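Next comes upload_9.csv, a file with CSV, C-alpha atoms and all ligand atoms.
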```
chain,number,residue,atom,x,y,z
A,1,MET,CA,0.0,0.0,0.0
A,2,ALA,CA,1.2,3.5,-0.7
A,3,ILE,CA,-0.3,7.1,-0.5
A,4,GLU,CA,-0.7,9.3,-3.5
A,5,LEU,CA,-2.3,12.6,-2.6
A,6,GLY,CA,-2.4,13.7,-6.3
A,7,ILE,CA,0.0,16.6,-5.6
A,8,ASP,CA,3.7,16.5,-4.7
A,9,GLY,CA,5.1,17.1,-1.2
A,10,ARG,CA,6.3,20.7,-2.1
A,11,GLN,CA,2.8,21.7,-3.2
A,12,PHE,CA,1.3,20.1,-0.1
A,13,ARG,CA,3.6,22.0,2.2
A,14,ASN,CA,3.2,25.3,0.3
A,15,GLU,CA,-0.6,25.3,-0.1
A,16,PHE,CA,-2.1,23.1,2.5
A,17,SER,CA,0.2,22.3,5.5
A,18,GLY,CA,-1.1,24.2,8.5
A,19,ARG,CA,-3.4,26.3,6.3
A,20,LYS,CA,-6.5,24.4,5.0
A,21,PRO,CA,-7.9,20.9,4.7
A,22,LEU,CA,-7.2,18.7,1.7
A,23,LEU,CA,-9.4,15.8,0.5
A,24,ALA,CA,-7.7,13.2,-1.7
A,25,ARG,CA,-10.1,10.6,-3.0
A,26,GLY,CA,-8.6,7.1,-3.7
A,27,ALA,CA,-5.2,8.2,-2.3
A,28,VAL,CA,-4.5,4.7,-0.8
A,29,THR,CA,-3.1,2.7,-3.7
A,30,GLY,CA,-2.1,-0.9,-3.9
A,31,ARG,CA,-3.8,-3.8,-2.2
A,32,LYS,CA,-6.9,-3.4,-0.1
A,33,PHE,CA,-6.7,-3.3,3.7
A,34,LEU,CA,-8.6,-6.3,4.9
A,35,LEU,CA,-10.3,-7.3,8.1
A,36,GLU,CA,-7.6,-10.0,8.4
A,37,ASP,CA,-5.0,-7.1,8.7
A,38,LEU,CA,-7.0,-5.7,11.6
A,39,GLU,CA,-7.3,-9.2,13.1
A,40,GLN,CA,-3.5,-9.6,12.9
A,41,ILE,CA,-3.0,-6.2,14.7
A,42,LEU,CA,-5.5,-7.1,17.4
A,43,TYR,CA,-3.8,-10.5,17.9
A,44,CYS,CA,-0.5,-8.9,18.8
A,45,THR,CA,-2.0,-6.0,20.9
A,46,GLU,CA,-2.4,-6.4,24.6
A,47,PRO,CA,-5.9,-5.1,25.6
A,48,ARG,CA,-4.7,-2.4,27.8
A,49,THR,CA,-3.6,1.2,27.7
A,50,PRO,CA,-1.7,2.9,26.1
A,51,ASP,CA,-2.0,0.6,23.1
A,52,PHE,CA,-5.6,-0.3,23.4
A,53,SER,CA,-8.6,1.6,24.8
A,54,ILE,CA,-12.3,2.0,24.4
A,55,HIS,CA,-14.3,5.3,24.4
A,56,ASP,CA,-18.1,5.2,24.7
A,57,GLY,CA,-18.7,8.8,23.6
A,58,GLN,CA,-18.7,10.0,27.3
A,59,GLY,CA,-15.3,8.8,28.4
A,60,PHE,CA,-12.9,5.9,28.4
A,61,VAL,CA,-14.4,2.6,29.5
A,62,ALA,CA,-12.6,0.9,32.4
A,63,GLU,CA,-10.4,-2.1,31.3
A,64,LYS,CA,-12.2,-4.5,33.6
A,65,GLU,CA,-15.4,-3.9,31.6
A,66,TYR,CA,-14.0,-5.6,28.6
A,67,THR,CA,-11.1,-7.8,29.8
A,68,GLU,CA,-10.8,-10.8,32.0
A,69,PRO,CA,-7.7,-12.1,33.9
A,70,PHE,CA,-6.2,-15.4,33.0
A,71,VAL,CA,-2.9,-17.3,33.8
A,72,GLU,CA,-0.7,-18.5,30.9
A,73,MET,CA,2.2,-20.7,31.8
A,74,GLY,CA,2.2,-19.2,35.3
A,75,VAL,CA,2.1,-15.6,34.1
A,76,ALA,CA,-0.9,-13.5,35.0
A,77,ARG,CA,-2.4,-11.7,31.9
A,78,ASN,CA,-5.5,-10.1,30.7
A,79,ARG,CA,-7.5,-11.0,27.6
A,80,LEU,CA,-10.5,-9.6,25.9
A,81,ALA,CA,-13.8,-10.8,27.2
A,82,LYS,CA,-15.3,-11.2,23.7
A,83,ILE,CA,-19.0,-11.0,24.5
A,84,ARG,CA,-18.6,-7.8,26.5
A,85,PHE,CA,-16.1,-6.3,24.0
A,86,TYR,CA,-18.5,-6.9,21.1
A,87,GLU,CA,-21.4,-5.6,23.0
A,88,LEU,CA,-19.6,-2.3,23.7
A,89,LEU,CA,-18.9,-1.9,20.0
A,90,ARG,CA,-22.5,-2.8,19.1
A,91,ARG,CA,-23.7,-0.1,21.5
A,92,GLY,CA,-21.6,2.5,19.6
A,93,ALA,CA,-18.3,2.6,21.5
A,94,THR,CA,-15.0,3.2,19.6
A,95,LEU,CA,-11.9,1.0,19.9
A,96,ILE,CA,-8.7,3.1,19.8
A,97,LEU,CA,-5.4,1.5,18.8
A,98,ASN,CA,-2.6,3.9,19.7
A,99,ARG,CA,0.7,3.8,17.9
A,100,VAL,CA,-0.7,1.1,15.6
A,101,GLU,CA,2.1,1.7,13.1
A,102,ALA,CA,4.4,-0.1,15.6
A,103,ARG,CA,2.4,-3.3,15.1
A,104,SER,CA,1.7,-3.3,11.4
A,105,THR,CA,4.2,-3.1,8.6
A,106,VAL,CA,1.5,-2.0,6.2
A,107,ILE,CA,0.4,0.9,8.4
A,108,LYS,CA,4.1,1.8,8.9
A,109,GLN,CA,4.6,2.2,5.2
A,110,ILE,CA,1.5,4.4,5.0
A,111,CYS,CA,3.0,6.5,7.8
A,112,CYS,CA,6.3,6.8,5.9
A,113,ASP,CA,4.5,8.2,2.9
A,114,ILE,CA,2.5,10.6,4.9
A,115,GLY,CA,5.6,11.7,6.8
A,116,ARG,CA,7.4,12.5,3.6
A,117,TYR,CA,4.4,14.7,2.4
A,118,ALA,CA,4.6,16.6,5.6
A,119,SER,CA,8.4,16.3,5.9
A,120,GLN,CA,7.7,15.8,9.7
A,121,PRO,CA,7.5,12.8,12.0
A,122,VAL,CA,4.1,11.1,12.3
A,123,LEU,CA,2.4,8.5,14.5
A,124,ALA,CA,-0.8,6.6,13.8
A,125,ASN,CA,-3.9,5.8,15.9
A,126,GLY,CA,-6.5,3.4,14.6
A,127,TYR,CA,-10.3,3.9,15.2
A,128,LEU,CA,-12.7,1.0,14.9
A,129,CYS,CA,-16.5,1.5,15.3
A,130,ARG,CA,-19.6,-0.2,14.2
A,131,ARG,CA,-22.4,2.3,14.6
A,132,ASP,CA,-23.4,5.5,12.9
A,133,LEU,CA,-22.8,7.7,16.0
A,134,PRO,CA,-20.4,10.6,16.4
A,135,SER,CA,-17.3,9.3,18.1
A,136,PHE,CA,-16.0,12.1,20.2
A,137,GLY,CA,-18.3,15.1,19.4
A,138,LEU,CA,-17.1,18.3,17.9
A,139,HIS,CA,-13.5,19.0,18.9
A,140,TRP,CA,-10.1,20.0,17.5
A,141,ASP,CA,-6.7,18.4,17.9
A,142,THR,CA,-3.3,20.0,18.8
A,143,HIS,CA,-1.5,18.5,15.8
A,144,ASP,CA,-2.3,18.1,12.1
A,145,VAL,CA,-4.0,14.9,11.2
A,146,PHE,CA,-4.3,12.8,8.1
A,147,ALA,CA,-7.4,10.6,8.3
A,148,VAL,CA,-6.9,7.5,6.2
A,149,GLN,CA,-10.1,5.5,5.6
A,150,LEU,CA,-9.2,1.8,5.4
A,151,LEU,CA,-12.5,0.0,6.0
A,152,GLY,CA,-16.1,1.2,5.6
A,153,ARG,CA,-17.1,4.9,5.5
A,154,LYS,CA,-17.0,7.9,7.8
A,155,ARG,CA,-18.6,11.3,7.6
A,156,TRP,CA,-16.3,14.3,8.5
A,157,GLN,CA,-17.7,17.8,9.2
A,158,LEU,CA,-15.0,20.5,9.4
A,159,TYR,CA,-15.2,24.1,10.7
A,160,PRO,CA,-12.4,26.7,10.6
A,161,PRO,CA,-10.4,27.3,13.8
A,162,THR,CA,-11.7,29.6,16.5
A,163,PHE,CA,-8.3,29.4,18.3
A,164,GLU,CA,-5.4,29.3,16.0
A,165,LEU,CA,-2.5,26.8,16.1
A,166,PRO,CA,-3.2,25.1,19.5
A,167,VAL,CA,-0.4,23.1,21.1
A,168,ALA,CA,-0.3,20.2,23.5
A,169,GLY,CA,-2.0,21.1,26.8
A,170,GLN,CA,-4.6,23.4,25.1
A,171,ALA,CA,-7.8,21.4,24.8
A,172,SER,CA,-10.8,22.1,22.7
A,173,ARG,CA,-13.1,21.4,25.6
A,174,HIS,CA,-12.2,24.8,27.0
A,175,SER,CA,-13.2,26.5,23.7
A,176,SER,CA,-16.8,27.2,22.9
A,177,SER,CA,-18.2,25.5,19.7
A,178,GLU,CA,-21.7,27.2,20.2
A,179,ALA,CA,-21.2,29.7,17.4
A,180,LEU,CA,-20.4,26.9,15.0
A,181,ARG,CA,-23.8,25.3,15.4
A,182,GLU,CA,-25.2,28.2,13.3
A,183,CYS,CA,-22.6,27.9,10.6
A,184,GLU,CA,-22.4,25.7,7.5
A,185,PRO,CA,-19.4,23.4,7.7
A,186,PHE,CA,-16.3,24.4,5.7
A,187,LEU,CA,-16.4,20.8,4.5
A,188,ASP,CA,-19.0,18.0,4.9
A,189,VAL,CA,-17.8,14.9,3.3
A,190,THR,CA,-18.1,11.1,3.6
A,191,LEU,CA,-14.7,9.3,3.3
A,192,GLU,CA,-14.9,6.1,1.4
A,193,GLU,CA,-12.3,3.3,1.6
A,194,ARG,CA,-8.9,4.6,0.3
A,195,ASP,CA,-9.7,8.3,0.8
A,196,VAL,CA,-7.4,10.6,2.8
A,197,LEU,CA,-8.4,13.8,4.5
A,198,TYR,CA,-5.9,16.3,5.8
A,199,VAL,CA,-7.1,18.3,8.8
A,200,PRO,CA,-4.8,21.1,10.1
A,201,ARG,CA,-4.5,21.5,13.9
A,202,GLY,CA,-7.2,23.7,15.5
A,203,TRP,CA,-9.8,22.8,12.8
A,204,TRP,CA,-13.1,21.7,14.5
A,205,HIS,CA,-14.3,18.3,13.3
A,206,CYS,CA,-17.1,15.9,14.0
A,207,VAL,CA,-16.6,12.3,12.8
A,208,THR,CA,-19.5,9.9,12.4
A,209,GLY,CA,-19.5,6.3,11.2
A,210,VAL,CA,-21.7,5.7,8.2
A,211,GLY,CA,-23.3,2.3,8.0
A,212,THR,CA,-21.6,-0.6,9.7
A,213,THR,CA,-18.0,-1.5,10.5
A,214,THR,CA,-15.6,1.4,9.9
A,215,PHE,CA,-11.8,1.6,10.6
A,216,HIS,CA,-9.7,4.6,9.9
A,217,LEU,CA,-6.2,5.8,10.8
A,218,SER,CA,-5.7,9.2,12.3
A,219,ILE,CA,-2.0,9.9,11.5
A,220,GLY,CA,-0.8,12.8,13.7
A,221,VAL,CA,2.0,15.0,12.5
A,222,HIS,CA,4.4,15.8,15.4
A,223,SER,CA,6.2,18.9,14.2
A,224,PRO,CA,8.5,21.0,16.3
A,225,HIS,CA,7.2,24.5,17.1
A,226,VAL,CA,9.1,27.7,17.6
A,227,ARG,CA,8.9,27.2,21.4
A,228,ASP,CA,10.7,23.8,20.9
A,229,TYR,CA,13.5,25.7,19.2
A,230,ILE,CA,13.7,28.1,22.1
A,231,ALA,CA,13.7,25.2,24.6
A,232,TRP,CA,16.7,23.7,22.7
A,233,LEU,CA,18.5,27.1,22.8
A,234,CYS,CA,17.8,27.2,26.6
A,235,ALA,CA,19.4,23.8,27.0
A,236,ASN,CA,22.2,24.0,24.6
A,237,VAL,CA,23.2,27.6,23.8
A,238,LEU,CA,22.2,30.0,26.6
A,239,PRO,CA,24.4,28.4,29.4
A,240,ALA,CA,27.5,29.6,27.4
A,241,ARG,CA,26.3,33.3,27.9
A,242,ILE,CA,26.8,35.0,31.3
A,243,GLU,CA,23.5,37.0,30.9
A,244,PHE,CA,21.6,33.7,31.4
A,245,ARG,CA,23.7,32.3,34.3
A,246,ARG,CA,23.1,35.3,36.7
A,247,THR,CA,21.2,34.7,39.9
A,248,LEU,CA,17.7,36.1,40.0
A,249,PRO,CA,17.3,38.0,43.3
A,250,MET,CA,14.1,37.1,45.0
A,251,HIS,CA,14.5,39.2,48.2
A,252,ARG,CA,11.6,41.4,48.9
A,253,SER,CA,12.5,42.8,52.4
A,254,GLU,CA,13.5,46.3,53.6
A,255,GLY,CA,17.0,47.3,52.5
A,256,GLU,CA,17.3,44.6,49.8
A,257,PRO,CA,17.6,45.4,46.1
A,258,ASP,CA,14.2,46.2,44.7
A,259,ALA,CA,12.3,44.4,42.0
A,260,ASP,CA,13.3,47.0,39.3
A,261,ALA,CA,17.0,46.3,39.9
A,262,ALA,CA,16.4,42.5,39.6
A,263,PHE,CA,14.3,43.1,36.4
A,264,ASP,CA,17.3,44.9,34.9
A,265,LEU,CA,19.0,41.5,34.7
A,266,ILE,CA,16.0,40.2,32.7
A,267,ARG,CA,16.2,43.2,30.3
A,268,GLN,CA,19.9,42.5,29.7
A,269,ALA,CA,19.1,38.8,29.1
A,270,ALA,CA,16.4,39.8,26.6
A,271,VAL,CA,18.9,41.7,24.5
A,272,ALA,CA,21.3,38.7,24.6
A,273,LEU,CA,18.4,36.4,23.7
A,274,GLY,CA,17.6,38.6,20.7
A,275,ASP,CA,21.3,38.1,19.5
A,276,VAL,CA,21.1,34.4,19.9
A,277,MET,CA,17.7,34.1,18.2
A,278,SER,CA,18.8,36.2,15.3
A,279,SER,CA,21.7,33.9,14.6
A,280,ARG,CA,21.1,31.7,11.6
A,281,GLU,CA,24.0,29.5,12.7
A,282,TYR,CA,22.1,28.2,15.8
A,283,PHE,CA,19.0,27.5,13.8
A,284,GLU,CA,21.1,25.5,11.3
A,285,GLN,CA,22.6,23.5,14.2
A,286,TYR,CA,19.1,22.8,15.5
A,287,CYS,CA,17.9,21.6,12.1
A,288,GLN,CA,21.0,19.4,11.7
A,289,ARG,CA,20.4,17.8,15.1
A,290,VAL,CA,16.8,17.0,14.3
A,291,LEU,CA,17.7,15.4,10.9
A,292,ASP,CA,20.8,13.6,12.3
A,293,SER,CA,18.7,12.1,15.2
A,294,GLU,CA,16.1,10.6,12.8
A,295,ARG,CA,15.8,6.8,13.2
A,296,LEU,CA,13.1,4.9,11.3
A,297,HIS,CA,11.7,1.7,12.8
A,298,LEU,CA,11.3,-0.3,9.6
A,299,PRO,CA,10.6,-3.9,8.6
A,300,LEU,CA,13.9,-5.9,8.5
A,301,GLY,CA,13.5,-7.0,4.9
A,302,LEU,CA,14.0,-10.7,5.6
A,303,ALA,CA,13.5,-11.6,1.9
A,304,GLU,CA,16.4,-9.5,0.8
A,305,GLU,CA,18.6,-11.1,3.4
A,306,PHE,CA,17.4,-14.7,3.4
A,307,LEU,CA,16.6,-15.2,-0.3
A,308,GLU,CA,20.1,-14.3,-1.5
A,309,SER,CA,19.8,-15.8,-5.0
A,310,ALA,CA,16.5,-14.1,-5.6
A,311,ASP,CA,16.4,-10.8,-7.6
A,312,ILE,CA,14.4,-7.9,-6.2
A,313,GLY,CA,11.3,-7.7,-8.5
A,314,THR,CA,11.6,-5.1,-11.2
A,315,GLY,CA,8.3,-3.7,-9.9
A,316,ALA,CA,9.6,-3.2,-6.3
A,317,THR,CA,9.9,0.4,-5.2
A,318,ILE,CA,13.1,1.6,-3.5
A,319,THR,CA,12.6,4.4,-0.9
A,320,LEU,CA,15.2,6.4,1.0
A,321,SER,CA,15.0,5.7,4.7
A,322,SER,CA,14.1,9.3,5.7
A,323,ILE,CA,10.9,11.3,5.9
A,324,TYR,CA,12.9,14.6,5.4
A,325,LEU,CA,13.7,16.3,2.1
A,326,ARG,CA,17.4,16.9,2.3
A,327,ASP,CA,20.5,17.5,0.3
A,328,LEU,CA,22.5,14.4,1.1
A,329,SER,CA,25.8,16.1,0.3
A,330,LYS,CA,25.5,18.1,3.5
A,331,PHE,CA,25.1,15.0,5.7
A,332,THR,CA,27.4,12.2,6.9
A,333,HIS,CA,24.7,9.9,8.2
A,334,LEU,CA,21.2,8.8,7.3
A,335,ASN,CA,18.9,6.8,9.6
A,336,GLY,CA,21.9,6.4,12.0
A,337,GLU,CA,24.1,4.8,9.3
A,338,ARG,CA,27.2,6.3,7.6
A,339,LEU,CA,26.5,7.5,4.1
A,340,PRO,CA,28.8,6.3,1.3
A,341,VAL,CA,30.8,9.3,-0.1
A,342,ALA,CA,31.5,8.0,-3.6
A,343,GLY,CA,30.8,5.2,-6.0
A,344,LEU,CA,27.5,3.7,-7.3
A,345,ASP,CA,26.1,3.4,-3.7
A,346,ALA,CA,26.4,7.2,-3.3
A,347,ASP,CA,25.0,7.8,-6.8
A,348,ALA,CA,22.0,5.6,-6.1
A,349,LEU,CA,21.2,7.4,-2.9
A,350,ARG,CA,21.6,10.8,-4.6
A,351,ALA,CA,19.2,9.7,-7.3
A,352,LEU,CA,16.6,8.6,-4.8
A,353,SER,CA,17.0,11.8,-2.8
A,354,GLU,CA,16.6,14.0,-6.0
A,355,ARG,CA,14.0,11.9,-7.9
A,356,GLY,CA,12.0,10.3,-5.0
A,357,ASP,CA,11.0,6.6,-5.0
A,358,LEU,CA,12.4,4.6,-8.0
A,359,SER,CA,11.9,1.1,-9.3
A,360,ILE,CA,14.8,-1.2,-9.9
A,361,SER,CA,14.6,-0.6,-13.6
A,362,GLN,CA,14.4,3.2,-13.2
A,363,LEU,CA,17.4,3.1,-10.9
A,364,ALA,CA,19.3,1.0,-13.4
A,365,ARG,CA,18.7,3.6,-16.1
A,366,GLU,CA,19.7,6.5,-13.7
A,367,LEU,CA,23.0,4.8,-12.9
A,368,ASN,CA,23.5,3.4,-16.4
A,369,VAL,CA,24.2,-0.1,-15.1
A,370,SER,CA,22.6,-3.6,-15.5
A,371,ILE,CA,19.6,-4.8,-13.5
A,372,GLU,CA,22.0,-7.3,-11.8
A,373,SER,CA,24.3,-4.6,-10.6
A,374,VAL,CA,21.4,-2.5,-9.3
A,375,ASN,CA,20.1,-5.6,-7.4
A,376,ALA,CA,23.4,-5.9,-5.6
A,377,ILE,CA,23.6,-2.2,-4.8
A,378,VAL,CA,20.0,-2.0,-3.5
A,379,LYS,CA,20.4,-5.2,-1.4
A,380,ASP,CA,23.5,-3.7,0.2
A,381,LEU,CA,21.9,-0.3,0.9
A,382,ALA,CA,18.8,-2.1,2.3
A,383,ALA,CA,20.9,-4.3,4.6
A,384,ARG,CA,22.5,-1.1,5.9
A,385,GLY,CA,19.1,0.5,6.5
A,386,LEU,CA,19.7,3.4,4.1
A,387,VAL,CA,16.8,2.4,1.9
A,388,PHE,CA,13.8,0.1,2.2
A,389,LEU,CA,11.8,-1.8,-0.4
A,390,ARG,CA,8.2,-2.3,-1.0
A,391,SER,CA,6.6,-4.6,-3.6
A,401,FE,FE,-9.8,14.5,16.3
```
Write out the structure in this file as structure tokens.
Amino acid sequence: MAIELGIDGRQFRNEFSGRKPLLARGAVTGRKFLLEDLEQILYCTEPRTPDFSIHDGQGFVAEKEYTEPFVEMGVARNRLAKIRFYELLRRGATLILNRVEARSTVIKQICCDIGRYASQPVLANGYLCRRDLPSFGLHWDTHDVFAVQLLGRKRWQLYPPTFELPVAGQASRHSSSEALRECEPFLDVTLEERDVLYVPRGWWHCVTGVGTTTFHLSIGVHSPHVRDYIAWLCANVLPARIEFRRTLPMHRSEGEPDADAAFDLIRQAAVALGDVMSSREYFEQYCQRVLDSERLHLPLGLAEEFLESADIGTGATITLSSIYLRDLSKFTHLNGERLPVAGLDADALRALSERGDLSISQLARELNVSIESVNAIVKDLAARGLVFLRS
């Protein structure tokens, strides 16, 4: 499975990211997501928080309402009490699978594609429900979300923000949605299987199942904000400057320095902070640190390792192991591995960085070498974690 939004990443980031919703019909390409895929995920998910929770529209349902204890080989565990679990879903509750990309290679690949459109890290939650009831009422989220409809249908009603660019800790339950009830939604759409809807943070939305079983991913974009950069400066740059190491006098008794004198220190620090924040050099250091620390948790690629005699199919897609758009010549490492500096390995990575995903035959043409040579190069790069393959 792959995601094709119908526009390229640059256009997405320039026109939509953080600005307005985007509806991409049929954006999930490749094989269909099946109930068996969901079965497999549930099989390897313990029915407890944070991976597994159930919300009945009013709040989270206590685990003891849908699990039962049992002992397996002397180890106490909990398992789903099927009758009570199914009954909750029949009554309209929603099953939430947090960080579901960690338990499904198919969903991980969808996340990699979305991450590259956003050029930001993403995490996925899955939502399963069986009734045509609104799941969580009208609310907004504190990060951008890509809703990926995998099974059944869901109706999404979207309204523009009344509080712009909320961040973690700012909850929509403290904002009034009363005025919105008089307004026409900005978008009122039913997502069909394979559709993707991008919802920027702060946009009000009400999500309702349509018909019977429906499962969608809510892929959250976890971008750094300006305040994260300032926190990094505080930890890594400011301790080198004396203006930020001074003691803040807190004395408030007779004969002690007054508050104005103490506040002078803050004014001096504000000037120094202005210098630091205007420095492009520190910002470049921060960006470099974010990109250098990127590590993707990807499938191992057992076939490439174990089936040594087998060629990689000419239809296989080769993808760089990074969600970030970057000029590889400015980096020494990718996904925690040292980058080759010369030779066909380096040429192959450069081609993938500049052209995006390529098939084996496309890469052979780019490098002007035989399919056999490309097979060997790609297997080597995949074994080092610099690229990954999808069929
Ligand atoms: Fe939401």
Q. Which one is closest to ligand FE 401 (chain A): A:Thr208, A:Thr105, A:Ser278, A:Gln120? Count all atoms listed in the file.
A. A:Thr208
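Each of A:Glu87, A:Asp8, A:Glu46, A:Glu337 was checked against Glu65 in chain A using all atoms listed in the file; the smallest atom-to-atom distance is that of A:Glu87.
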Q: Select, from A:Thr247, A:Thr314, A:Ser359, A:Ser293, the residue with the minimum atom-to-atom distance to Gly336 in chain A, counting all atoms listed in the file.
A: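 The shortest atom-to-atom distance to Gly336 in chain A comes from A:Ser293.
Identified as lying at most 8 Å from ligand FE 401 (chain A) when counting only C-alpha atoms and all ligand atoms are the residues Phe136, His139, Trp140, Asp141, Val145, His205, Cys206, Val207 and Ser218 of chain A.
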Export of the given selection (C-alpha atoms) as a compact mmCIF listing (two decimals), keeping the file's coordinate frame:
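Written file, result-v9.txt:
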```txt
# COMPACT_ATOMS: atom_id res chain seq x y z
CA PHE A 136 -16.00 12.10 20.20
CA HIS A 139 -13.50 19.00 18.90
CA TRP A 140 -10.10 20.00 17.50
CA ASP A 141 -6.70 18.40 17.90
CA VAL A 145 -4.00 14.90 11.20
CA HIS A 205 -14.30 18.30 13.30
CA CYS A 206 -17.10 15.90 14.00
CA VAL A 207 -16.60 12.30 12.80
CA SER A 218 -5.70 9.20 12.30
```
Q) If we count all atoms listed in the file, what is near Gln40 in chain A at a cut-off of 12 Å, once residues fewer than 2 positions away on the same chain are taken out, given as a list in words? A) Phe33, Leu34, Leu35, Glu36, Asp37, Leu38, Leu42, Tyr43, Cys44, Thr45, Val100, Arg103, Ser104, Thr105 and Val106 of chain A
Q.
Using only C-alpha atoms, which protein or nucleic acid residues come within 9 Å of Leu133 in chain A? Drop anything in the same chain fewer than 5 positions from it, and give the result as number ranges by chain.
A. A: 57, 92-93, 207-210
Q | Polymer residues at most 10 Å from Ser223 in chain A, only C-alpha atoms, same-chain spacing of 4 or more positions, as a ChimeraX atom specification | A | /A:118-122,143-144,228
Could you list, as a tab-separated table (two decimals) with C-alpha atoms, keeping the file's coordinate frame, every residue within 9 Å of Pro200 in chain A, counting all atoms listed in the file and ignoring same-chain residues fewer than 2 positions away?
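This went into selection.tsv:
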```
chain	number	residue	atom	x	y	z
A	16	PHE	CA	-2.10	23.10	2.50
A	17	SER	CA	0.20	22.30	5.50
A	18	GLY	CA	-1.10	24.20	8.50
A	19	ARG	CA	-3.40	26.30	6.30
A	20	LYS	CA	-6.50	24.40	5.00
A	21	PRO	CA	-7.90	20.90	4.70
A	141	ASP	CA	-6.70	18.40	17.90
A	142	THR	CA	-3.30	20.00	18.80
A	143	HIS	CA	-1.50	18.50	15.80
A	144	ASP	CA	-2.30	18.10	12.10
A	145	VAL	CA	-4.00	14.90	11.20
A	146	PHE	CA	-4.30	12.80	8.10
A	165	LEU	CA	-2.50	26.80	16.10
A	198	TYR	CA	-5.90	16.30	5.80
A	202	GLY	CA	-7.20	23.70	15.50
A	203	TRP	CA	-9.80	22.80	12.80
```
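Residue nearest Leu97 in chain A within the list A:His216, A:Arg173, A:Arg153, A:His225: A:His216 [criterion: smallest interatomic distance, only C-alpha atoms].
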Q.
Could you tell me how far CA of Val196 in chain A sits from CA of Ala24 in chain A, in Å to one decimal place?
A.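 Spanning CA of Ala24 in chain A to CA of Val196 in chain A is a straight-line distance of 5.2 Å.
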(Q) Using Å and a single decimal, report how far CA of Ala231 in chain A sits from CA of Val276 in chain A. (A)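 Computing the Euclidean distance for CA of Val276 in chain A and CA of Ala231 in chain A yields 12.7 Å.
Put simply, CA of Gln170 in chain A is 19.3 Å away from CA of Ile219 in chain A.
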Please rebuild range 160-172 of chain A with N, CA and C atoms and return the result as a tab-separated table (two decimals), keeping the file's coordinate frame.
```
chain	number	residue	atom	x	y	z
A	160	PRO	N	-13.64	25.98	10.41
A	160	PRO	CA	-12.40	26.70	10.60
A	160	PRO	C	-12.06	26.90	12.10
A	161	PRO	N	-10.79	27.12	12.43
A	161	PRO	CA	-10.40	27.30	13.80
A	161	PRO	C	-11.03	28.55	14.47
A	162	THR	N	-11.33	28.45	15.75
A	162	THR	CA	-11.70	29.60	16.50
A	162	THR	C	-10.53	30.00	17.47
A	163	PHE	N	-9.53	29.11	17.55
A	163	PHE	CA	-8.30	29.40	18.30
A	163	PHE	C	-7.17	28.79	17.48
A	164	GLU	N	-6.35	29.69	16.96
A	164	GLU	CA	-5.40	29.30	16.00
A	164	GLU	C	-4.17	28.54	16.56
A	165	LEU	N	-3.70	27.54	15.84
A	165	LEU	CA	-2.50	26.80	16.10
A	165	LEU	C	-2.33	26.37	17.58
A	166	PRO	N	-3.31	25.62	18.09
A	166	PRO	CA	-3.20	25.10	19.50
A	166	PRO	C	-2.02	24.16	19.60
A	167	VAL	N	-1.47	24.07	20.82
A	167	VAL	CA	-0.40	23.10	21.10
A	167	VAL	C	-0.78	22.22	22.24
A	168	ALA	N	0.02	21.17	22.47
A	168	ALA	CA	-0.30	20.20	23.50
A	168	ALA	C	-0.57	20.90	24.83
A	169	GLY	N	-1.63	20.48	25.52
A	169	GLY	CA	-2.00	21.10	26.80
A	169	GLY	C	-3.14	22.09	26.61
A	170	GLN	N	-3.43	22.49	25.35
A	170	GLN	CA	-4.60	23.40	25.10
A	170	GLN	C	-5.69	22.53	24.51
A	171	ALA	N	-6.76	22.38	25.26
A	171	ALA	CA	-7.80	21.40	24.80
A	171	ALA	C	-9.03	22.12	24.31
A	172	SER	N	-9.64	21.51	23.31
A	172	SER	CA	-10.80	22.10	22.70
A	172	SER	C	-12.01	22.17	23.64
```
